[in-house]
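Have a look at my_file-v4.cif; it's mmCIF, C-alpha atoms:
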data_model
#
loop_
_atom_site.label_atom_id
_atom_site.label_comp_id
_atom_site.auth_asym_id
_atom_site.auth_seq_id
_atom_site.Cartn_x
_atom_site.Cartn_y
_atom_site.Cartn_z
CA MET E 283 24.36 -63.95 -17.14
CA THR E 284 25.14 -67.56 -16.24
CA LEU E 285 25.38 -69.95 -19.18
CA VAL E 286 23.85 -73.38 -18.56
CA ALA E 287 25.26 -76.05 -20.88
CA SER E 288 24.20 -79.69 -20.94
CA VAL E 289 26.77 -82.29 -21.95
CA SER E 290 24.53 -84.90 -23.54
CA SER E 291 24.79 -88.27 -25.21
CA SER E 292 22.21 -90.81 -26.25
CA LYS E 293 24.64 -93.67 -25.66
CA GLY E 294 26.35 -94.72 -22.43
CA GLY E 295 30.14 -95.04 -22.40
CA SER E 296 30.64 -92.17 -24.80
CA GLY E 297 32.82 -90.16 -22.41
CA LYS E 298 30.09 -87.74 -21.40
CA SER E 299 30.99 -87.52 -17.70
CA THR E 300 34.70 -87.44 -18.51
CA THR E 301 34.02 -84.54 -20.86
CA SER E 302 31.88 -82.71 -18.29
CA ILE E 303 34.60 -82.92 -15.64
CA ASN E 304 37.56 -82.12 -17.84
CA LEU E 305 35.84 -79.32 -19.74
CA GLY E 306 34.84 -77.78 -16.42
CA VAL E 307 38.40 -77.96 -15.10
CA ALA E 308 39.75 -76.58 -18.40
CA LEU E 309 37.40 -73.59 -18.20
CA ALA E 310 38.38 -73.04 -14.56
CA LYS E 311 42.05 -73.00 -15.56
CA LEU E 312 41.14 -70.37 -18.15
CA GLY E 313 39.72 -68.14 -15.42
CA ARG E 314 36.04 -69.00 -15.62
CA ASP E 315 33.91 -69.61 -12.54
CA VAL E 316 32.49 -73.06 -13.32
CA THR E 317 30.05 -75.36 -11.53
CA ILE E 318 29.58 -78.94 -12.74
CA VAL E 319 26.26 -80.51 -11.75
CA ASP E 320 25.72 -84.26 -11.72
CA SER E 321 22.24 -84.17 -13.25
CA ASN E 322 22.17 -87.93 -13.80
CA LEU E 323 19.89 -88.64 -10.86
CA SER E 324 19.44 -92.38 -11.39
CA THR E 325 23.12 -93.28 -11.84
CA PRO E 326 25.26 -90.33 -10.68
CA ASN E 327 29.00 -90.86 -10.99
CA LEU E 328 30.84 -87.52 -10.77
CA SER E 329 31.70 -88.09 -7.12
CA MET E 330 32.94 -91.59 -7.98
CA TYR E 331 35.20 -90.13 -10.67
CA LEU E 332 36.68 -87.77 -8.08
CA GLY E 333 37.13 -90.40 -5.39
CA ALA E 334 34.51 -89.03 -2.98
CA PRO E 335 31.40 -91.21 -3.38
CA ASN E 336 29.81 -90.58 0.03
CA LEU E 337 29.58 -86.82 0.39
CA PRO E 338 27.21 -85.69 3.18
CA VAL E 339 25.04 -83.32 1.10
CA THR E 340 24.19 -83.90 -2.56
CA LEU E 341 21.91 -82.64 -5.30
CA HIS E 342 19.39 -85.26 -4.22
CA HIS E 343 19.09 -83.58 -0.81
CA VAL E 344 18.54 -80.23 -2.55
CA LEU E 345 15.76 -81.62 -4.74
CA LYS E 346 14.12 -83.18 -1.67
CA GLY E 347 14.09 -79.75 0.00
CA GLN E 348 16.53 -80.87 2.69
CA ALA E 349 19.41 -78.52 1.82
CA HIS E 350 20.29 -75.33 -0.03
CA ILE E 351 22.24 -75.88 -3.23
CA ALA E 352 25.23 -74.02 -1.77
CA GLU E 353 25.48 -76.77 0.87
CA ALA E 354 25.81 -79.39 -1.88
CA THR E 355 28.58 -77.49 -3.69
CA TYR E 356 32.18 -78.67 -3.30
CA ARG E 357 35.32 -77.02 -4.67
CA HIS E 358 37.90 -79.17 -6.43
CA GLU E 359 41.59 -78.28 -6.09
CA SER E 360 41.53 -77.12 -9.73
CA GLY E 361 39.07 -74.37 -8.84
CA ALA E 362 36.08 -75.98 -10.51
CA LYS E 363 33.02 -76.48 -8.29
CA ILE E 364 31.10 -79.76 -8.21
CA ILE E 365 27.50 -80.51 -7.20
CA PRO E 366 27.40 -84.31 -6.90
CA GLY E 367 24.50 -86.71 -6.81
CA SER E 368 23.85 -89.41 -4.24
CA ILE E 369 24.70 -93.01 -5.01
CA THR E 370 22.18 -94.26 -2.43
CA MET E 371 19.06 -95.68 -4.07
CA ARG E 372 16.68 -94.42 -1.38
CA ASP E 373 17.70 -90.83 -2.20
CA PHE E 374 16.43 -91.32 -5.75
CA GLU E 375 12.82 -91.69 -4.68
CA ASP E 376 10.30 -88.91 -5.35
CA ILE E 377 12.64 -86.43 -7.01
CA ARG E 378 12.57 -84.91 -10.49
CA LEU E 379 15.35 -83.21 -12.38
CA GLU E 380 12.95 -80.60 -13.72
CA ASP E 381 12.70 -79.26 -10.15
CA LEU E 382 16.34 -78.18 -10.41
CA LYS E 383 15.41 -75.08 -12.45
CA PRO E 384 14.80 -72.61 -9.57
CA HIS E 385 17.95 -73.85 -7.79
CA LEU E 386 20.11 -73.09 -10.84
CA ARG E 387 19.38 -69.41 -10.28
CA GLU E 388 21.14 -69.69 -6.91
CA ILE E 389 24.43 -70.81 -8.51
CA LYS E 390 26.67 -67.77 -8.99
CA SER E 391 28.99 -69.05 -11.73
CA ASP E 392 29.88 -67.93 -15.24
CA VAL E 393 29.14 -71.43 -16.57
CA ILE E 394 27.05 -74.32 -15.24
CA ILE E 395 27.76 -77.68 -16.86
CA LEU E 396 25.01 -80.28 -16.54
CA ASP E 397 26.31 -83.84 -16.79
CA GLY E 398 23.03 -85.33 -17.95
CA ALA E 399 21.91 -88.95 -18.07
CA ALA E 400 22.77 -90.97 -21.15
CA GLY E 401 19.89 -91.96 -23.41
CA VAL E 402 16.71 -90.25 -24.53
CA ASP E 403 14.38 -90.90 -21.59
CA LYS E 404 12.74 -88.19 -19.47
CA GLU E 405 15.78 -87.66 -17.25
CA ALA E 406 18.02 -87.08 -20.27
CA GLN E 407 15.39 -84.82 -21.82
CA ASP E 408 15.05 -82.72 -18.65
CA ALA E 409 18.78 -81.96 -18.65
CA ILE E 410 18.46 -80.63 -22.20
CA LYS E 411 15.38 -78.57 -21.31
CA LEU E 412 17.23 -76.91 -18.43
CA ALA E 413 20.11 -75.81 -20.65
CA HIS E 414 20.73 -72.75 -22.80
CA GLN E 415 22.77 -74.92 -25.17
CA ILE E 416 24.09 -78.48 -25.39
CA LEU E 417 27.27 -80.26 -26.37
CA VAL E 418 26.70 -83.62 -28.06
CA VAL E 419 29.31 -86.22 -27.09
CA THR E 420 29.88 -89.28 -29.25
CA ASN E 421 32.52 -91.74 -30.37
CA PRO E 422 33.79 -91.94 -33.96
CA ASP E 423 31.99 -95.15 -34.91
CA LEU E 424 28.87 -95.37 -37.03
CA SER E 425 26.51 -96.81 -34.42
CA ALA E 426 27.45 -94.15 -31.86
CA VAL E 427 27.04 -91.34 -34.39
CA ALA E 428 23.69 -92.76 -35.45
CA ASP E 429 22.58 -92.74 -31.81
CA ALA E 430 23.79 -89.16 -31.42
CA ILE E 431 21.24 -88.07 -34.01
CA LYS E 432 18.57 -88.75 -31.36
CA THR E 433 20.19 -86.22 -29.00
CA VAL E 434 20.34 -83.62 -31.76
CA ARG E 435 16.66 -84.18 -32.58
CA LEU E 436 15.67 -83.84 -28.91
CA ALA E 437 17.50 -80.52 -28.70
CA GLN E 438 15.72 -79.35 -31.83
CA ARG E 439 12.34 -80.43 -30.42
CA PHE E 440 12.95 -78.40 -27.25
CA GLU E 441 14.48 -75.50 -29.23
CA VAL E 442 17.80 -75.72 -27.38
CA PRO E 443 20.77 -74.82 -29.62
CA VAL E 444 23.44 -77.44 -30.21
CA ARG E 445 26.79 -75.73 -29.63
CA GLY E 446 28.68 -78.49 -31.38
CA VAL E 447 29.87 -82.09 -31.30
CA VAL E 448 32.70 -83.48 -29.18
CA LEU E 449 34.31 -86.67 -30.49
CA THR E 450 35.89 -88.75 -27.73
CA ARG E 451 38.04 -91.89 -27.65
CA THR E 452 39.51 -91.04 -31.03
CA GLY E 453 42.68 -92.46 -32.55
CA PRO E 454 44.69 -92.60 -35.76
CA GLU E 455 42.15 -94.97 -37.32
CA MET E 456 38.53 -93.90 -36.91
CA HIS E 457 35.49 -95.65 -38.33
CA VAL E 458 33.82 -92.38 -39.33
CA ASP E 459 35.59 -89.39 -40.84
CA ILE E 460 35.24 -86.19 -38.82
CA LYS E 461 33.75 -84.30 -41.74
CA ASN E 462 31.18 -87.07 -42.16
CA VAL E 463 30.28 -86.84 -38.46
CA ALA E 464 29.59 -83.13 -38.90
CA THR E 465 27.50 -83.85 -41.99
CA ILE E 466 25.47 -86.63 -40.36
CA LEU E 467 24.78 -84.65 -37.18
CA GLU E 468 24.34 -81.33 -39.03
CA HIS E 469 26.59 -79.56 -36.52
CA PRO E 470 30.32 -78.85 -36.42
CA VAL E 471 32.81 -81.01 -34.57
CA ILE E 472 34.36 -78.59 -32.09
CA GLY E 473 36.42 -81.03 -30.02
CA VAL E 474 38.45 -84.12 -30.82
CA ILE E 475 39.62 -85.96 -27.70
CA PRO E 476 42.18 -88.72 -28.26
CA GLU E 477 42.23 -91.91 -26.24
CA ASP E 478 45.56 -92.06 -24.43
CA VAL E 479 47.06 -93.92 -21.50
CA HIS E 480 46.82 -90.85 -19.29
CA MET E 481 43.02 -91.07 -19.32
CA LYS E 482 43.20 -94.43 -17.52
CA ARG E 483 45.92 -93.18 -15.20
CA ALA E 484 43.79 -90.18 -14.26
CA LEU E 485 40.83 -92.47 -13.61
CA ILE E 486 42.94 -94.58 -11.26
CA LYS E 487 44.04 -91.40 -9.45
CA ARG E 488 40.39 -90.27 -9.31
CA GLU E 489 41.31 -86.96 -10.89
CA PRO E 490 40.44 -85.17 -14.16
CA VAL E 491 43.17 -85.75 -16.75
CA VAL E 492 43.38 -81.98 -17.32
CA TYR E 493 44.37 -81.58 -13.67
CA ALA E 494 46.47 -84.73 -13.12
CA PHE E 495 48.33 -84.84 -16.45
CA PRO E 496 48.03 -81.38 -18.07
CA GLN E 497 50.52 -82.19 -20.86
CA ALA E 498 48.76 -85.38 -21.96
CA PRO E 499 47.26 -85.33 -25.48
CA SER E 500 43.73 -85.74 -24.09
CA ALA E 501 44.24 -82.95 -21.55
CA ARG E 502 45.57 -80.61 -24.22
CA ALA E 503 42.57 -81.45 -26.42
CA TYR E 504 40.16 -80.56 -23.60
CA MET E 505 42.05 -77.30 -23.05
CA THR E 506 41.69 -76.52 -26.76
CA LEU E 507 37.95 -77.16 -26.50
CA GLY E 508 37.75 -74.91 -23.44
CA LYS E 509 39.66 -72.15 -25.23
CA TYR E 510 37.33 -72.33 -28.19
CA LEU E 511 34.17 -72.29 -26.08
CA SER E 512 35.46 -69.36 -24.01
CA GLY E 513 36.46 -67.38 -27.09
CA HIS E 514 40.22 -67.77 -26.69
CA GLU E 515 40.79 -69.85 -29.79
CA LYS E 516 39.33 -70.49 -33.23
CA GLU E 517 37.35 -73.63 -33.96
CA PHE E 518 39.30 -76.86 -34.41
CA GLN E 519 39.23 -77.47 -38.15
CA PRO E 520 38.68 -81.02 -39.49
CA GLU E 521 41.56 -80.64 -41.96
CA ASP E 522 43.94 -80.24 -39.00
CA VAL E 523 43.10 -83.69 -37.65
CA GLY E 524 45.44 -85.60 -39.95
CA ASN E 525 48.49 -83.69 -38.73
CA PHE E 526 47.26 -83.97 -35.14
CA PHE E 527 47.13 -87.76 -35.30
CA LYS E 528 50.46 -87.94 -37.15
CA PHE E 529 51.97 -86.14 -34.16
CA MET E 530 50.23 -88.57 -31.78
CA LYS E 531 51.60 -91.58 -33.65
CA TRP E 532 55.11 -90.10 -33.61
CA SER E 533 54.94 -89.23 -29.92
CA PHE E 534 53.86 -92.76 -28.95
CA GLY E 535 56.38 -94.43 -31.26
CA LEU E 536 53.72 -95.82 -33.61
CA ARG E 537 54.06 -96.32 -37.34
#

Turn the structure described in the file into structure tokens.
Amino acid sequence: MTLVASVSSSKGGSGKSTTSINLGVALAKLGRDVTIVDSNLSTPNLSMYLGAPNLPVTLHHVLKGQAHIAEATYRHESGAKIIPGSITMRDFEDIRLEDLKPHLREIKSDVIILDGAAGVDKEAQDAIKLAHQILVVTNPDLSAVADAIKTVRLAQRFEVPVRGVVLTRTGPEMHVDIKNVATILEHPVIGVIPEDVHMKRALIKREPVVYAFPQAPSARAYMTLGKYLSGHEKEFQPEDVGNFFKFMKWSFGLR
């Protein structure tokens, strides 16, 4: 059975799309057949992240009934498959994400990752409704965590299980302790993704950091998340974070 997972965040700039792409590539490297769907219809950006903004067939064409979903599926060099959205405003007219449901059955992958819209509006809600489970992405500052509560509550309203929380853009000094994040959001933190220079370098290269710089701290963290979600590794424990960041500070020559 195909697992449909929505990567969701109630706040823009949280690293949701970056997580969708890199988690998908990590799972592909671990042998999973993965399809990443840009389900942010109003402001799609997966194709922009990968340096191919003007692909001929997109999810928007599928939802308009102009193409089969297989025609909108592109394979990245990493092995992960991508279904991008259209960046043309006219393609956004008269389509609804909820109409994606029957097309998902046509995707023959082990895992489908939905990169949903940020926020709590109907488009963001529809991505959650389409999923079997969600990952909540947030940053380790109080306002972002407070916003993430809205995503958790939406999932609870629609009876979609929250698989866990992914903390992105983390560093040696975080505004909110990881254990406190888990307490506030009532779900475990299962991924801690550090901010490092390789993230920006990968963005410039228009490649996922897991693919472009596999030994970077952020890439290794996404691989750890992928291993946990695919059953290869135990959950990342909050008490391990201190040693993890001590290593980061040493490796970057910080004190």

Legend entry - Expansion of the PyMOL selection byres ((chain E and resi 310) around 12) into residues, as a PyMOL selection string: chain E and resi 303-309+311-318+357-364+391-395+492-493+504-505+508-509+512

Inset, instruction - Would you list the residues near (27.1, -83.3, -3.9), meaning any protein, DNA or RNA residue with an atom at most 10 Å from that point in file coordinates, counting all atoms listed in the file, as JSON, numbers by chain? - result: {"E": [319, 320, 326, 328, 329, 334, 335, 336, 337, 338, 339, 340, 341, 342, 343, 344, 351, 352, 353, 354, 355, 356, 364, 365, 366, 367, 368]}

Legend entry - Residues matched by the PyMOL selection byres ((chain E and resi 408) around 10), written as a ChimeraX atom specification: /E:288,321,378-383,398-399,402-407,409-413,440

Legend entry - Residues returned when the PyMOL selection byres ((chain E and resi 424-428) around 12) runs on this file, as a ChimeraX atom specification: /E:291-297,401,418-423,429-435,447-451,456-460,462-469,471

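Atom pair atom CA of Thr300 of chain E / atom CA of Ile389 of chain E has a distance of 22.0 Å (rounded to one decimal).
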
Legend entry - Shortest interatomic distance to Val491 of chain E - which of E:His414, E:Ala503, E:Glu455, E:Arg439, counting only C-alpha atoms: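 Of the candidates, the smallest distance to Val491 of chain E is held by E:Ala503.
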
Legend entry - Nearest to Arg502 of chain E, chosen from E:His480, E:His350, E:His385, E:Lys298, with all atoms listed in the file counted in the distances: E:His480

Inset, instruction - Pick out the closest residue to Pro470 of chain E from this set: E:Gly513, E:Glu489, E:Phe495, E:Gly446. Count all atoms listed in the file. - result: E:Gly446

Legend entry - Computed interatomic separation between atom CA of Ala484 of chain E and atom CA of Pro454 of chain E (Å): 21.7 Å

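Between atom CA of Asn322 of chain E and atom CA of Leu345 of chain E there is a distance of 12.8 Å.
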
Inset, instruction - Would you list the contacts of Val479 of chain E as an NGL selection string, taking every protein, DNA or RNA residue within 10 Å and counting only C-alpha atoms, but skipping same-chain residues closer than 4 positions in sequence? - result: :E and (483-484 or 498-500)

Inset, instruction - Would you please work out which residue, of E:Ser290, E:Thr284, E:Thr301, E:Thr370, is nearest to Ala501 of chain E when using all atoms listed in the file? - result: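 Closest to Ala501 of chain E of all the choices is E:Thr301.
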
Legend entry - Minimum-distance residue to Glu441 of chain E, chosen among E:Ala349, E:Ile416, E:Leu323, E:Ile486 (using only C-alpha atoms):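 Selected residue with least distance to Glu441 of chain E: E:Ile416.
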
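You can rank E:Gln348, E:Lys461, E:Asp397, E:Tyr331 by their closest distance to Met481 of chain E using all atoms listed in the file, and at the top of that list sits E:Tyr331.
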